[in-house]
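*Asks:* One structure follows; several queries about it will come next.
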Amino acid sequence: MNATSAEQASAPVTEDALRSVLLAGERPSRPGPVLTSLTFGWRALLKIKHLPEQLVDVTMFPIMFTLMFTYLFGGALAGSTQEYLQFLLPGILVQANVMITMNTGITLNTDIEKGVFDRFRSLPVWRPSPLVGALLGDLVRYSIGSAIVISLGLVLGFRPEGGAVGVVLSVVLLLLFSFCLSWLWTMLSLILRTPNSVAGVSMMVMFPLTFVSNIFVDPKTMPGWMQAVIEVNPITHLATVVRGLMHGSVPAGEIGWVLVSSVLLVAVFGPITMILYRNKK
Amino acid sequence: MGTFAIETRGLKKSFGKTHAVAGVDLAVSAGGVYGVLGPNGAGKTTTIRMLATLLHPDAGEARVLGYDVVRDAQAVRSRVGLTGQFASVDEDLTGVENLLLLARLLGYSRRRGRERATDLLDAFGLAEAADRQVKKYSGGMRRRIDIAASLVVTPELIFLDEPTTGLDPRSRNQVWEIVRGMVAEGTTVLLTTQYLDEADQLADRIAVIDHGKVIAEGSSGELKASVGAGSLHVRLRAPEQRAEAEQVLAGVLEVRAEPSADPAALSARISDPERVARSLAELSRDGIDVTEFALGQPSLDEVFLTLTGHAAKETPEEDAA
């Protein structure tokens with residue numbers, strides 16, 4: 001608490017001013033779900049403005065991973081770092097985005113711990129809008145993360161054969177998938193008690209999900225059972241799609257896979273999240 | 001139903017084995033302040049959270065402004081304001097951003113929302129702190145922005161959950177002024193408090209709640225009357241005369257006089273204030289010198305003690321959040 005600021009701002013509450021605000025209160029018509037969700041998205045952006053340090057995970061993390069994997073493993077895995085970069089970069093882009101989605105759950109859990117969520121829940125707005133809004137705000141974070149990875153890649157020598165169109169399309173698909181995956185974290189954040197436990201459990205899910213995939217290496221050299229696991233991991237399909245689009249091929253079947261798994265994620269975790277949200281103590 | 005601002009019947013809520021609210025019946029008239037008084041863990045917050053549609057009752061029913069809190073939750077939400085016990089604004093945002101956020105969510109245009117936010121900040125003495133993050137506010141300022149946030153659309157009814165807990169006396173008085181101001185403009189206020197003097201000062205009617213049940217209900221005067229008209233406190237010049245004085249007082253007042261911790265003092269609950277003068281005259285006639293005497297209204301503390309058999313102190317369970 002800041003004593004001096006309290007002094008300055010403790011102008012007495014005047015009865016007249018209070019009366020006039022109470023009487024002047026209008027009763028505007030209730031806004032629709034789109035507007036309220038966007039308004040909650042605006043809140044997420046304001047939080048980025050006030051706490052820019054929370055962008056560390058979308059900036060430093062992808063940069064670190066791109067540099068580390070390219071130069072540590074590139075030579076050994078693909079013969080040269082340049083060649084590996086062509087393979088790795090789309091994968092890193094997927095990993096970075098998927099990892100960033102965890103933040104959604106941690107932020108939501110922090111909100112719940114504080115009283116502000118009670119306030120939101122007591123408002124006459126479309127019930128999912130605080131969650132949808134938070135996820136919309138996160139889309140901005142994913143976009144920033146993607147832009148950083150792609151820019152870094154281009155500087156290091158990544159040359160997408162699919163051109164700008166392929167890159168943009170793959171990012172759009174990535175954002176869609178990330179938005180849908182986030183409902184898993186919103187669900188978790190309503191079940192677990194502290195932001196720390198949300199972070200811990202998310203990590204436990206995230207690590208196998210991103211590493212046991214084709215993000216870093218081609219699974220051909222792996223044992224059969226491992227290949228089978230990788231084949232059912234939605235992240236594998238996502239990485240294949242992003243890689244394909246960026247390098248100029250359009251893997252229609254794989255895109256279908258990604259769309260189906262996105263829809264499934266929302267269809268399963270969305271309603272569970274909302275039930276938990278509605279009944280949260 | 002329908003004539004009351006709030007009406008509940010047999011409202012119940014348990015968390016595991018804790019019966020936080022164990023059958024609460026309330027009938028709160030529109031207008032004025034209704035106080036819910038009880039120690040920590042009595043079930044006040046849980047009751048408010050059910051009335052504000054944040055929690056589903058396990059049993060019983062509750063109507064707020066005529067709407068069922070479960071079936072017509074959205075109708076309730078659009079007519080009431082809630083200021084929770086803990087910060088109910090976003091600490092990372094500034095004061096004006098918080099109010100603008102709520103104004104937008106409640107349907108204000110960007111321009112009108114900003115005007116409304118500014119007006120509210122002015123009225124609550126927060127104009128200078130408008131562009132500061134709420135986490136940098138003092139305790140009193142936090143409370144005021146919390147309440148302002150509940151008034152973005154003037155509610156017909158506002159719930160204030162322990163609005164002055166942890167505030168210094170000056171900030172507490174400011175909150176009291178705000179509450180009185182809201183009532184003067186016709187808003188119904190339901191406030192919970194663990195401070196007896198707060199209920200006494202503000203509330204027109206009070207429900208005393210303990211272990212999830214309403215154990216007494218009435219105006220502050222009625223509650224006090226239930227424990228007698230007040231107490232007479234007497235201090236003698238000579239402590240050794242206390243036993244004698246006790247008998248004299250008991251004879252005139254027709255109640256037992258209790259010796260106090262102070263060896264020269266004693267006090268008696270009185271039912272008829274007119275006998276007080278006579279009892280003092282009787283003491284002086286018997287040569288018992290009185291150095292001090294005081295006639296006190298019973299405090300709500302005494303009321304609480306009489307009603308519950310225990311003092312208004314914290315019960316072990318936390319007020320289930």
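In the structure tokens, chains take letters A, B, ... by order of appearance, with residues numbered from 1 within each chain and ligands from 1 in the order shown.
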Among segment 183-257 of chain B, which ones does DSSP place in strand (DSSP E or B), written as a PyMOL selection string?

*Replies:* chain B and resi 188-193+205-210+213-218+230-236+257

*Asks:* Restricting the output to N, CA, C and O atoms, write the selected residues as an mmCIF file, in the first residue's frame.

*Replies:*
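Result went into part-v3.cif, see below:
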data_model
loop_
_atom_site.group_PDB
_atom_site.id
_atom_site.type_symbol
_atom_site.label_atom_id
_atom_site.label_comp_id
_atom_site.auth_asym_id
_atom_site.auth_seq_id
_atom_site.Cartn_x
_atom_site.Cartn_y
_atom_site.Cartn_z
ATOM 1 N N THR B 188 -31.574 -0.991 -2.270
ATOM 2 C CA THR B 188 -31.618 -1.872 -1.107
ATOM 3 C C THR B 188 -30.217 -2.429 -0.891
ATOM 4 O O THR B 188 -29.562 -2.837 -1.851
ATOM 5 N N VAL B 189 -29.748 -2.418 0.338
ATOM 6 C CA VAL B 189 -28.402 -2.910 0.627
ATOM 7 C C VAL B 189 -28.498 -4.097 1.576
ATOM 8 O O VAL B 189 -29.164 -4.015 2.607
ATOM 9 N N LEU B 190 -27.864 -5.192 1.183
ATOM 10 C CA LEU B 190 -27.726 -6.289 2.127
ATOM 11 C C LEU B 190 -26.246 -6.389 2.453
ATOM 12 O O LEU B 190 -25.422 -6.580 1.558
ATOM 13 N N LEU B 191 -25.906 -6.175 3.700
ATOM 14 C CA LEU B 191 -24.483 -6.239 4.031
ATOM 15 C C LEU B 191 -24.240 -7.239 5.135
ATOM 16 O O LEU B 191 -25.057 -7.407 6.036
ATOM 17 N N THR B 192 -23.107 -7.918 5.022
ATOM 18 C CA THR B 192 -22.718 -8.821 6.092
ATOM 19 C C THR B 192 -21.631 -8.128 6.892
ATOM 20 O O THR B 192 -20.892 -7.296 6.366
ATOM 21 N N THR B 193 -21.577 -8.451 8.141
ATOM 22 C CA THR B 193 -20.538 -7.853 8.964
ATOM 23 C C THR B 193 -20.308 -8.720 10.185
ATOM 24 O O THR B 193 -21.173 -9.470 10.607
ATOM 25 N N ARG B 205 -32.701 -3.466 9.801
ATOM 26 C CA ARG B 205 -33.011 -4.748 10.419
ATOM 27 C C ARG B 205 -31.773 -5.616 10.372
ATOM 28 O O ARG B 205 -30.934 -5.478 9.480
ATOM 29 N N ILE B 206 -31.697 -6.529 11.321
ATOM 30 C CA ILE B 206 -30.508 -7.365 11.445
ATOM 31 C C ILE B 206 -30.932 -8.818 11.605
ATOM 32 O O ILE B 206 -31.866 -9.113 12.352
ATOM 33 N N ALA B 207 -30.247 -9.686 10.872
ATOM 34 C CA ALA B 207 -30.401 -11.117 11.134
ATOM 35 C C ALA B 207 -29.097 -11.567 11.775
ATOM 36 O O ALA B 207 -28.023 -11.323 11.223
ATOM 37 N N VAL B 208 -29.196 -12.180 12.933
ATOM 38 C CA VAL B 208 -28.000 -12.708 13.575
ATOM 39 C C VAL B 208 -27.867 -14.149 13.139
ATOM 40 O O VAL B 208 -28.822 -14.928 13.253
ATOM 41 N N ILE B 209 -26.714 -14.495 12.587
ATOM 42 C CA ILE B 209 -26.560 -15.837 12.064
ATOM 43 C C ILE B 209 -25.358 -16.514 12.709
ATOM 44 O O ILE B 209 -24.343 -15.895 12.973
ATOM 45 N N ASP B 210 -25.560 -17.769 13.034
ATOM 46 C CA ASP B 210 -24.521 -18.536 13.720
ATOM 47 C C ASP B 210 -24.654 -19.994 13.281
ATOM 48 O O ASP B 210 -25.760 -20.527 13.220
ATOM 49 N N LYS B 213 -27.350 -20.788 10.634
ATOM 50 C CA LYS B 213 -28.775 -20.586 10.910
ATOM 51 C C LYS B 213 -29.031 -19.175 11.435
ATOM 52 O O LYS B 213 -28.188 -18.616 12.130
ATOM 53 N N VAL B 214 -30.213 -18.664 11.123
ATOM 54 C CA VAL B 214 -30.612 -17.380 11.680
ATOM 55 C C VAL B 214 -31.100 -17.632 13.096
ATOM 56 O O VAL B 214 -32.042 -18.394 13.309
ATOM 57 N N ILE B 215 -30.439 -17.008 14.072
ATOM 58 C CA ILE B 215 -30.847 -17.281 15.450
ATOM 59 C C ILE B 215 -31.653 -16.143 16.040
ATOM 60 O O ILE B 215 -32.249 -16.290 17.113
ATOM 61 N N ALA B 216 -31.665 -14.994 15.359
ATOM 62 C CA ALA B 216 -32.502 -13.899 15.823
ATOM 63 C C ALA B 216 -32.662 -12.930 14.675
ATOM 64 O O ALA B 216 -31.808 -12.846 13.801
ATOM 65 N N GLU B 217 -33.771 -12.217 14.668
ATOM 66 C CA GLU B 217 -34.011 -11.265 13.594
ATOM 67 C C GLU B 217 -34.811 -10.113 14.160
ATOM 68 O O GLU B 217 -35.710 -10.314 14.974
ATOM 69 N N GLY B 218 -34.482 -8.905 13.746
ATOM 70 C CA GLY B 218 -35.254 -7.770 14.210
ATOM 71 C C GLY B 218 -34.475 -6.490 14.011
ATOM 72 O O GLY B 218 -33.372 -6.503 13.464
ATOM 73 N N GLY B 230 -30.878 -2.322 29.427
ATOM 74 C CA GLY B 230 -29.519 -1.804 29.509
ATOM 75 C C GLY B 230 -28.898 -2.195 30.828
ATOM 76 O O GLY B 230 -29.414 -3.042 31.539
ATOM 77 N N SER B 231 -27.775 -1.574 31.131
ATOM 78 C CA SER B 231 -27.089 -1.926 32.372
ATOM 79 C C SER B 231 -26.710 -0.679 33.148
ATOM 80 O O SER B 231 -26.421 0.365 32.567
ATOM 81 N N LEU B 232 -26.748 -0.813 34.437
ATOM 82 C CA LEU B 232 -26.263 0.257 35.317
ATOM 83 C C LEU B 232 -24.900 -0.161 35.844
ATOM 84 O O LEU B 232 -24.728 -1.289 36.337
ATOM 85 N N HIS B 233 -23.909 0.700 35.667
ATOM 86 C CA HIS B 233 -22.561 0.417 36.172
ATOM 87 C C HIS B 233 -22.267 1.409 37.295
ATOM 88 O O HIS B 233 -22.442 2.611 37.111
ATOM 89 N N VAL B 234 -21.854 0.897 38.446
ATOM 90 C CA VAL B 234 -21.607 1.752 39.610
ATOM 91 C C VAL B 234 -20.224 1.484 40.153
ATOM 92 O O VAL B 234 -19.772 0.321 40.194
ATOM 93 N N ARG B 235 -19.527 2.557 40.561
ATOM 94 C CA ARG B 235 -18.207 2.385 41.162
ATOM 95 C C ARG B 235 -18.254 3.031 42.548
ATOM 96 O O ARG B 235 -18.716 4.171 42.707
ATOM 97 N N LEU B 236 -17.794 2.296 43.530
ATOM 98 C CA LEU B 236 -17.882 2.766 44.928
ATOM 99 C C LEU B 236 -16.558 3.351 45.376
ATOM 100 O O LEU B 236 -15.507 2.987 44.850
ATOM 101 N N ALA B 257 -27.374 -7.820 41.091
ATOM 102 C CA ALA B 257 -26.263 -6.949 40.719
ATOM 103 C C ALA B 257 -25.006 -7.800 40.692
ATOM 104 O O ALA B 257 -24.762 -8.588 41.608
#

*Asks:* Could you pull out all residues of segment 99-160 of chain B with a DSSP call of helix (DSSP H, G or I) and give them as a ChimeraX atom specification?

*Replies:* /B:99-105,110-123,127-129,134-136,139-149

*Asks:* Excluding same-chain residues fewer than 5 positions from Phe177 of chain A, what lies within 9 Å of it counting only C-alpha atoms, as a VMD selection string?

*Replies:* chain A and resid 98 172 182 238 258 to 259 261 to 263 265

*Asks:* Do you have the atom CA of Pro169 of chain B-atom CA of Gly84 of chain B distance handy?

*Replies:*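 So the answer is 19.9 Å.
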
*Asks:* Could you tell me which of A:Leu88, A:Ala252, A:Ile215, A:Leu181 comes closest to Asp138 of chain A if we count only C-alpha atoms?

*Replies:*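 With only C-alpha atoms as the atom set, the closest residue is A:Leu181.
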
*Asks:* Rank A:Gly253, A:Phe69, A:Tyr277, A:Ala164 by their smallest atom-to-atom distance to chain B, using only C-alpha atoms, and report the top residue only.

*Replies:* A:Tyr277
